[in-house]
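Dropping target.cif in here (mmCIF, C-alpha atoms):
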```cif
data_coords
#
loop_
_atom_site.label_atom_id
_atom_site.label_comp_id
_atom_site.auth_asym_id
_atom_site.auth_seq_id
_atom_site.Cartn_x
_atom_site.Cartn_y
_atom_site.Cartn_z
CA MET A 1 0.00 0.00 0.00
CA SER A 2 1.69 3.17 -1.12
CA GLU A 3 -1.25 5.46 -1.79
CA SER A 4 -1.60 7.67 1.25
CA PRO A 5 1.77 9.60 1.34
CA PRO A 6 1.47 11.06 -2.18
CA THR A 7 -2.02 12.38 -1.55
CA THR A 8 -0.84 14.19 1.58
CA ASP A 9 2.15 15.64 -0.27
CA ASP A 10 0.02 16.64 -3.19
CA THR A 11 -2.51 18.28 -0.97
CA ARG A 12 0.21 20.24 0.81
CA ARG A 13 1.80 21.28 -2.44
CA LEU A 14 -1.51 22.38 -3.90
CA ALA A 15 -2.39 24.27 -0.75
CA ARG A 16 0.96 26.04 -0.76
CA GLU A 17 0.63 26.91 -4.41
CA ALA A 18 -2.88 28.23 -3.86
CA ARG A 19 -1.61 30.46 -1.03
CA GLU A 20 1.20 31.78 -3.21
CA ARG A 21 -1.19 32.46 -6.06
CA VAL A 22 -3.64 34.28 -3.79
CA ARG A 23 -0.82 36.42 -2.43
CA PHE A 24 0.43 37.17 -5.92
CA GLU A 25 -3.02 38.20 -7.13
CA GLU A 26 -3.62 40.40 -4.10
CA GLU A 27 -0.28 42.16 -4.48
CA ALA A 28 -0.85 42.67 -8.21
CA LEU A 29 -4.31 44.13 -7.62
CA GLU A 30 -2.97 46.51 -4.98
CA LEU A 31 -0.75 47.99 -7.69
CA SER A 32 -3.54 48.43 -10.21
CA ASP A 33 -4.02 52.18 -9.60
CA GLN A 34 -0.35 52.80 -10.27
CA VAL A 35 -0.37 50.52 -13.31
CA TYR A 36 -3.38 52.34 -14.74
CA ARG A 37 -1.84 55.77 -14.16
CA VAL A 38 1.14 54.79 -16.29
CA ALA A 39 -0.97 52.89 -18.84
CA ARG A 40 -3.23 55.88 -19.35
CA ARG A 41 -0.29 57.95 -20.64
CA LEU A 42 1.35 55.18 -22.61
CA ALA A 43 -1.88 54.46 -24.47
CA GLY A 44 -3.56 56.84 -26.86
CA SER A 45 -7.00 56.87 -25.23
CA ARG A 46 -8.78 55.95 -22.04
CA GLU A 47 -10.45 52.94 -23.70
CA GLU A 48 -7.12 51.69 -24.97
CA ALA A 49 -5.60 52.10 -21.50
CA GLU A 50 -8.46 50.17 -19.88
CA ASP A 51 -8.11 47.33 -22.42
CA LEU A 52 -4.38 47.20 -21.89
CA VAL A 53 -4.67 47.05 -18.12
CA GLN A 54 -7.30 44.34 -18.31
CA GLN A 55 -5.23 42.24 -20.73
CA THR A 56 -2.16 42.78 -18.57
CA TYR A 57 -3.91 41.39 -15.52
CA GLU A 58 -5.35 38.47 -17.49
CA ARG A 59 -1.89 37.57 -18.69
CA ALA A 60 -0.28 38.18 -15.30
CA PHE A 61 -2.76 35.93 -13.49
CA ARG A 62 -2.18 33.24 -16.11
CA SER A 63 1.60 33.39 -15.96
CA TRP A 64 2.06 34.24 -12.28
CA ARG A 65 4.56 31.38 -11.87
CA GLN A 66 7.02 33.28 -14.09
CA TYR A 67 7.21 36.09 -11.55
CA THR A 68 10.09 35.78 -9.07
CA PRO A 69 8.83 36.71 -5.58
CA GLY A 70 10.78 39.55 -4.03
CA THR A 71 11.50 41.27 -7.34
CA ASN A 72 9.72 44.41 -8.53
CA LEU A 73 6.17 43.30 -9.29
CA ARG A 74 5.11 46.71 -10.60
CA ALA A 75 7.94 46.62 -13.16
CA TRP A 76 7.00 43.04 -14.07
CA LEU A 77 3.40 44.10 -14.74
CA LEU A 78 4.51 47.11 -16.77
CA ARG A 79 6.78 44.92 -18.86
CA ILE A 80 3.75 42.82 -19.81
CA LEU A 81 1.73 45.95 -20.51
CA THR A 82 4.42 47.53 -22.67
CA ASN A 83 4.77 44.37 -24.74
CA LEU A 84 1.00 44.18 -25.22
CA ASN A 85 0.98 47.82 -26.25
CA ILE A 86 3.63 47.18 -28.89
CA ASP A 87 1.79 44.06 -30.07
CA ARG A 88 -1.29 46.17 -30.67
CA GLY A 89 0.64 47.94 -33.38
CA ARG A 90 0.49 51.27 -31.67
CA ARG A 91 3.58 52.38 -33.57
CA GLN A 92 1.54 53.05 -36.66
CA GLN A 93 -0.91 55.28 -34.85
CA ARG A 94 1.64 57.53 -33.24
CA THR A 95 3.21 60.82 -34.08
CA PRO A 96 5.88 60.35 -36.73
CA GLN A 97 9.40 60.34 -35.31
CA THR A 98 10.54 63.11 -37.62
CA THR A 99 8.56 65.76 -35.73
CA SER A 100 10.69 65.20 -32.64
CA LEU A 101 13.87 66.46 -34.19
CA ASP A 102 12.46 69.89 -34.97
CA ASN A 103 10.51 70.18 -31.79
CA GLU A 104 13.29 70.46 -29.30
CA ALA A 105 14.77 73.50 -27.63
CA ALA A 106 17.20 74.09 -24.79
CA ASP A 107 16.08 73.62 -21.20
CA TYR A 108 15.37 77.24 -20.27
CA PHE A 109 13.32 77.86 -23.41
CA LEU A 110 9.85 77.34 -21.91
CA TYR A 111 10.55 79.53 -18.89
CA ASN A 112 12.05 82.29 -21.01
CA ARG A 113 9.00 82.30 -23.28
CA LEU A 114 6.50 82.24 -20.43
CA GLU A 115 8.32 84.94 -18.50
CA SER A 116 8.50 87.22 -21.48
CA GLN A 117 4.71 86.97 -21.80
CA ALA A 118 3.96 87.45 -18.13
CA GLY A 119 3.75 91.24 -18.35
CA ASP A 120 5.70 91.67 -15.17
CA ASP A 121 9.36 92.55 -14.84
CA ASN A 122 10.21 89.89 -12.35
CA PRO A 123 7.40 87.35 -11.84
CA ASP A 124 8.00 84.50 -9.44
CA GLU A 125 8.16 81.01 -10.92
CA GLU A 126 4.88 79.97 -9.33
CA ARG A 127 3.00 82.65 -11.27
CA VAL A 128 4.76 81.66 -14.45
CA LEU A 129 3.77 78.04 -13.87
CA GLU A 130 0.11 78.98 -13.45
CA ARG A 131 0.04 80.00 -17.09
CA LEU A 132 0.07 76.32 -18.06
CA SER A 133 -3.36 74.70 -18.12
CA GLN A 134 -3.91 71.04 -17.30
CA ASP A 135 -5.25 70.39 -20.82
CA SER A 136 -2.20 71.93 -22.43
CA ILE A 137 0.06 69.67 -20.37
CA VAL A 138 -1.90 66.53 -21.27
CA ASP A 139 -1.87 67.48 -24.98
CA ALA A 140 1.79 68.47 -24.95
CA LEU A 141 2.73 65.11 -23.43
CA SER A 142 0.64 63.10 -25.87
CA ASP A 143 2.38 64.87 -28.75
CA VAL A 144 5.82 63.76 -27.59
CA PRO A 145 6.90 60.91 -29.94
CA HIS A 146 6.34 57.56 -28.24
CA ASP A 147 9.98 56.53 -27.80
CA PHE A 148 10.58 59.64 -25.71
CA ARG A 149 7.18 59.70 -24.08
CA ASP A 150 7.43 56.10 -22.84
CA VAL A 151 10.52 57.02 -20.85
CA ILE A 152 9.02 60.23 -19.44
CA VAL A 153 5.87 58.35 -18.42
CA LEU A 154 7.78 55.55 -16.70
CA VAL A 155 10.37 57.71 -14.91
CA ASP A 156 8.67 61.06 -14.28
CA ILE A 157 5.05 59.93 -13.94
CA GLY A 158 5.46 56.30 -12.84
CA ASP A 159 8.47 56.82 -10.60
CA PHE A 160 10.44 53.94 -12.07
CA SER A 161 14.23 53.92 -11.74
CA TYR A 162 16.34 54.17 -14.90
CA ALA A 163 17.20 50.50 -14.46
CA ASP A 164 13.54 49.46 -14.23
CA ALA A 165 12.60 51.61 -17.22
CA ALA A 166 15.46 50.06 -19.19
CA GLN A 167 14.24 46.58 -18.34
CA ILE A 168 10.60 47.37 -19.10
CA LEU A 169 11.39 48.89 -22.48
CA ASP A 170 14.26 46.50 -23.24
CA ILE A 171 16.73 49.30 -23.99
CA PRO A 172 20.09 50.24 -22.40
CA ILE A 173 20.11 52.57 -19.35
CA GLY A 174 22.11 55.15 -21.30
CA THR A 175 19.31 55.27 -23.86
CA VAL A 176 16.75 55.75 -21.07
CA MET A 177 18.70 58.75 -19.80
CA SER A 178 19.25 60.37 -23.17
CA ARG A 179 15.61 59.87 -24.22
CA LEU A 180 14.44 61.24 -20.89
CA HIS A 181 16.48 64.41 -21.29
CA ARG A 182 15.48 64.94 -24.90
CA GLY A 183 11.88 63.96 -24.20
CA ARG A 184 11.55 66.55 -21.43
CA ARG A 185 12.90 69.20 -23.80
CA ILE A 186 10.40 68.20 -26.48
CA LEU A 187 7.63 68.31 -23.87
CA LYS A 188 8.63 71.82 -22.81
CA LYS A 189 8.84 72.98 -26.40
CA ASN A 190 5.35 71.55 -27.02
CA LEU A 191 4.10 73.40 -23.94
CA ALA A 192 5.68 76.64 -25.08
CA ASP A 193 4.07 76.26 -28.53
CA ARG A 194 0.66 75.67 -26.95
CA THR A 195 0.79 78.36 -24.33
CA VAL A 196 2.65 81.25 -25.88
CA PRO A 197 2.11 82.46 -29.43
CA ALA A 198 5.45 82.58 -31.25
CA MET B 1 35.47 82.30 -22.13
CA ILE B 2 32.86 80.00 -20.56
CA ASP B 3 29.25 81.11 -20.60
CA TRP B 4 28.29 79.89 -17.13
CA CYS B 5 24.56 80.36 -17.62
CA GLU B 6 24.70 78.23 -20.73
CA LYS B 7 26.70 75.59 -18.90
CA CYS B 8 24.26 75.72 -15.99
CA GLU B 9 21.38 75.18 -18.39
CA GLU B 10 23.11 72.07 -19.74
CA LEU B 11 23.64 70.76 -16.22
CA MET B 12 20.08 71.39 -15.02
CA GLN B 13 18.43 68.05 -15.80
CA PRO B 14 21.23 65.81 -14.53
CA PHE B 15 21.61 68.13 -11.50
CA LEU B 16 17.95 67.69 -10.55
CA ASP B 17 18.12 63.96 -11.37
CA GLY B 18 21.10 63.56 -9.06
CA THR B 19 23.30 62.06 -11.76
CA LEU B 20 26.12 64.64 -11.86
CA SER B 21 29.60 64.05 -10.49
CA ASP B 22 30.46 65.78 -7.19
CA GLU B 23 32.67 68.18 -9.08
CA GLU B 24 29.90 69.19 -11.47
CA VAL B 25 27.39 69.56 -8.64
CA HIS B 26 29.81 71.89 -6.89
CA GLU B 27 30.33 73.87 -10.09
CA ALA B 28 26.58 74.27 -10.63
CA GLN B 29 25.96 75.20 -6.99
CA LEU B 30 28.62 77.89 -7.07
CA HIS B 31 26.99 79.44 -10.10
CA LEU B 32 23.44 79.12 -8.73
CA GLU B 33 24.41 80.94 -5.52
CA ARG B 34 25.45 83.96 -7.57
CA CYS B 35 23.03 83.79 -10.47
CA HIS B 36 19.37 84.36 -9.56
CA TRP B 37 18.43 84.13 -13.21
CA CYS B 38 19.56 80.49 -13.40
CA ALA B 39 18.39 79.67 -9.85
CA LYS B 40 14.89 80.73 -10.80
CA ARG B 41 14.91 78.47 -13.85
CA TYR B 42 16.07 75.53 -11.76
CA ARG B 43 13.23 76.12 -9.28
CA PHE B 44 10.78 76.37 -12.14
CA GLU B 45 11.96 73.05 -13.59
CA GLU B 46 11.51 71.35 -10.24
CA ARG B 47 8.02 72.72 -9.81
CA LEU B 48 7.16 71.92 -13.44
CA ARG B 49 8.03 68.25 -13.01
CA HIS B 50 5.67 68.01 -10.06
CA TYR B 51 2.98 70.02 -11.86
CA VAL B 52 3.13 67.78 -14.97
CA ARG B 53 2.90 64.68 -12.86
CA VAL B 54 -0.23 65.89 -11.10
CA ALA B 55 -1.79 67.27 -14.29
CA VAL B 56 -1.55 64.02 -16.26
CA SER B 57 -2.55 61.64 -13.45
CA GLU B 58 -6.01 60.20 -13.96
CA PRO B 59 -7.56 57.93 -11.37
CA MET B 60 -8.53 54.45 -12.48
CA PRO B 61 -12.24 54.10 -13.27
CA PRO B 62 -13.92 52.11 -10.46
CA GLU B 63 -15.57 49.81 -13.04
CA LEU B 64 -12.15 48.73 -14.26
CA LYS B 65 -11.00 48.04 -10.74
CA ALA B 66 -14.08 45.87 -10.16
CA LYS B 67 -13.48 44.08 -13.46
CA LEU B 68 -9.87 43.29 -12.53
CA ALA B 69 -11.01 41.70 -9.28
CA THR B 70 -13.25 39.32 -11.23
CA LEU B 71 -10.21 38.07 -13.17
CA ARG B 72 -8.82 36.42 -10.06
CA THR B 73 -8.63 32.66 -9.97
CA PRO B 74 -11.65 31.30 -8.08
CA LEU B 75 -10.73 29.72 -4.75
#
```
Kindly present the structure from the file in structure tokens form.
Amino acid sequence: MSESPPTTDDTRRLAREARERVRFEEEALELSDQVYRVARRLAGSREEAEDLVQQTYERAFRSWRQYTPGTNLRAWLLRILTNLNIDRGRRQQRTPQTTSLDNEAADYFLYNRLESQAGDDNPDEERVLERLSQDSIVDALSDVPHDFRDVIVLVDIGDFSYADAAQILDIPIGTVMSRLHRGRRILKKNLADRTVPA
Amino acid sequence: MIDWCEKCEELMQPFLDGTLSDEEVHEAQLHLERCHWCAKRYRFEERLRHYVRVAVSEPMPPELKAKLATLRTPL
């Protein structure tokens, strides 16, 4: 008679696995607000963002065993989301890359333009900032070409480290940093174009 | 002759990101202490980053949150 030990072992193993899965799903769901916040700005529309987040969680719950406990779960989820976003062929829908090269200015450009329009000899920076509307910021960001925007969204909006962003996007850290710097300049130029008539 | 304001403008992003060498940080700080014009632009950049972050953050629709919970494996 050798039937009883395996059933006990199996039961224990299944119970342990079920506990691990429950914990994984709970932790993943706790991060959903943060995942959505990033997804919303990576995707072109709210509907697209919602679909992406839903598909991400479907895939994550299916392949939870591939996640290594103790590593950055938020980055793991975003990696899935980014791949899904690329699979959806978003590259065709986006702003052509060529616009980025013209739409870049030095780092003080936006402030200089806003200050010159403020009608005050020496306005403080808070008053200058108030000239930017929320809509203009959202539009200016969505017009940043996707390669640059992805990095801004992950690092500046999503609070990911350069290393995490590099892993999520599958690009070298040096590329993350250079795209971040150029992307922020493009964003500021877009803001200046929207807010101040040339 | 070095244009320090121009150099300071170049250093602004890595300065605020904390990725400059100690020597460059020192160089930028020395200039910022004397140059209010640049100091103001650094403060603006810092505030702008925060402002952008808040402006583009949209809360997740509650329906989506509820939908995600239904994707969990049944116990």
Select from chain A every residue with an atom at most 8 Å from any atom of chain B, then for each give the shortest pair of atoms and their distance in Å to one decimal, using all atoms listed in the file, rows by chain and rising number, as a tab-separated table.
```
residue	atom	partner	partner_atom	distance
A:Glu25	CA	B:Arg72	CA	6.7
A:Leu29	CA	B:Ala69	CA	7.3
A:Ser32	CA	B:Lys65	CA	7.5
A:Asp33	CA	B:Met60	CA	5.8
A:Tyr36	CA	B:Met60	CA	6.0
A:Arg37	CA	B:Ser57	CA	6.0
A:Arg40	CA	B:Glu58	CA	7.4
A:Arg41	CA	B:Val56	CA	7.6
A:Glu50	CA	B:Leu64	CA	6.9
A:Gln54	CA	B:Leu68	CA	6.4
A:Tyr57	CA	B:Leu68	CA	6.9
A:Glu58	CA	B:Leu71	CA	6.5
A:Phe61	CA	B:Arg72	CA	7.0
A:Ala106	CA	B:Glu9	CA	7.7
A:Asp107	CA	B:Glu9	CA	6.2
A:Tyr108	CA	B:Arg41	CA	6.6
A:Tyr111	CA	B:Arg41	CA	6.7
A:Asp124	CA	B:Lys40	CA	8.0
A:Glu125	CA	B:Phe44	CA	5.5
A:Glu126	CA	B:Phe44	CA	7.5
A:Leu129	CA	B:Leu48	CA	7.0
A:Gln134	CA	B:Ala55	CA	5.3
A:Ile137	CA	B:Val52	CA	6.5
A:Val138	CA	B:Val56	CA	5.6
A:Asp156	CA	B:Arg53	CA	7.0
A:Ile157	CA	B:Arg53	CA	5.3
A:His181	CA	B:Gln13	CA	6.9
```
Using C-alpha atoms, can you write the selected residues to a file as an mmCIF file, in the coordinates of the input?
```
data_model
loop_
_atom_site.group_PDB
_atom_site.id
_atom_site.type_symbol
_atom_site.label_atom_id
_atom_site.label_comp_id
_atom_site.auth_asym_id
_atom_site.auth_seq_id
_atom_site.Cartn_x
_atom_site.Cartn_y
_atom_site.Cartn_z
ATOM 1 C CA GLU A 25 -3.020 38.200 -7.130
ATOM 2 C CA LEU A 29 -4.310 44.130 -7.620
ATOM 3 C CA SER A 32 -3.540 48.430 -10.210
ATOM 4 C CA ASP A 33 -4.020 52.180 -9.600
ATOM 5 C CA TYR A 36 -3.380 52.340 -14.740
ATOM 6 C CA ARG A 37 -1.840 55.770 -14.160
ATOM 7 C CA ARG A 40 -3.230 55.880 -19.350
ATOM 8 C CA ARG A 41 -0.290 57.950 -20.640
ATOM 9 C CA GLU A 50 -8.460 50.170 -19.880
ATOM 10 C CA GLN A 54 -7.300 44.340 -18.310
ATOM 11 C CA TYR A 57 -3.910 41.390 -15.520
ATOM 12 C CA GLU A 58 -5.350 38.470 -17.490
ATOM 13 C CA PHE A 61 -2.760 35.930 -13.490
ATOM 14 C CA ALA A 106 17.200 74.090 -24.790
ATOM 15 C CA ASP A 107 16.080 73.620 -21.200
ATOM 16 C CA TYR A 108 15.370 77.240 -20.270
ATOM 17 C CA TYR A 111 10.550 79.530 -18.890
ATOM 18 C CA ASP A 124 8.000 84.500 -9.440
ATOM 19 C CA GLU A 125 8.160 81.010 -10.920
ATOM 20 C CA GLU A 126 4.880 79.970 -9.330
ATOM 21 C CA LEU A 129 3.770 78.040 -13.870
ATOM 22 C CA GLN A 134 -3.910 71.040 -17.300
ATOM 23 C CA ILE A 137 0.060 69.670 -20.370
ATOM 24 C CA VAL A 138 -1.900 66.530 -21.270
ATOM 25 C CA ASP A 156 8.670 61.060 -14.280
ATOM 26 C CA ILE A 157 5.050 59.930 -13.940
ATOM 27 C CA HIS A 181 16.480 64.410 -21.290
#
```
Evaluate the PyMOL selection byres ((chain A and resi 136) around 12) on the structure here and hand back the selected residues as a ChimeraX atom specification. /A:130-135,137-143,187-196 /B:51-52,55-56
Since I can't run it myself right now, could you work out what the PyMOL selection byres ((chain B and resi 24) around 12) selects here and report it as JSON, numbers by chain? {"B": [7, 8, 10, 11, 12, 14, 15, 18, 19, 20, 21, 22, 23, 25, 26, 27, 28, 29, 30, 31]}
Quick one: pull the distance between atom CA of A:Asp150 and atom CA of A:Ala43, Å, one decimal.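 We find that atom CA of A:Asp150 and atom CA of A:Ala43 lie 9.6 Å from each other.
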Suppose you want the space between atom CA of A:Arg79 and atom CA of A:Val22; what is it in Å?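 These two atoms are separated by 21.2 Å.
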Between atom CA of A:Tyr67 and atom CA of A:Thr7 - distance in Å to one decimal: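 If I compute the distance from atom CA of A:Thr7 to atom CA of A:Tyr67, I get 27.3 Å.
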Hey, can I get the axis-aligned box for stretch 6-12 of chain B? All listed atoms, 4 Å padding on each side, centre and edge lengths in Å to one decimal, as JSON.
```
{"center_x": 23.4, "center_y": 74.5, "center_z": -17.9, "size_x": 14.6, "size_y": 15.5, "size_z": 13.7}
```
Let me make sure I understand: among A:Thr68, A:Val128, A:Val38, A:Ala60, which one has the smallest atom-to-atom distance to A:Leu154 if we use only C-alpha atoms?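 Smallest separation from A:Leu154 among the options: A:Val38.
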Please evaluate the PyMOL selection byres ((chain A and resi 78) around 10) against the displayed coordinates and give the resulting residues as a ChimeraX atom specification. /A:34-36,38-39,53,56,73-77,79-84,154,164-165,167-169
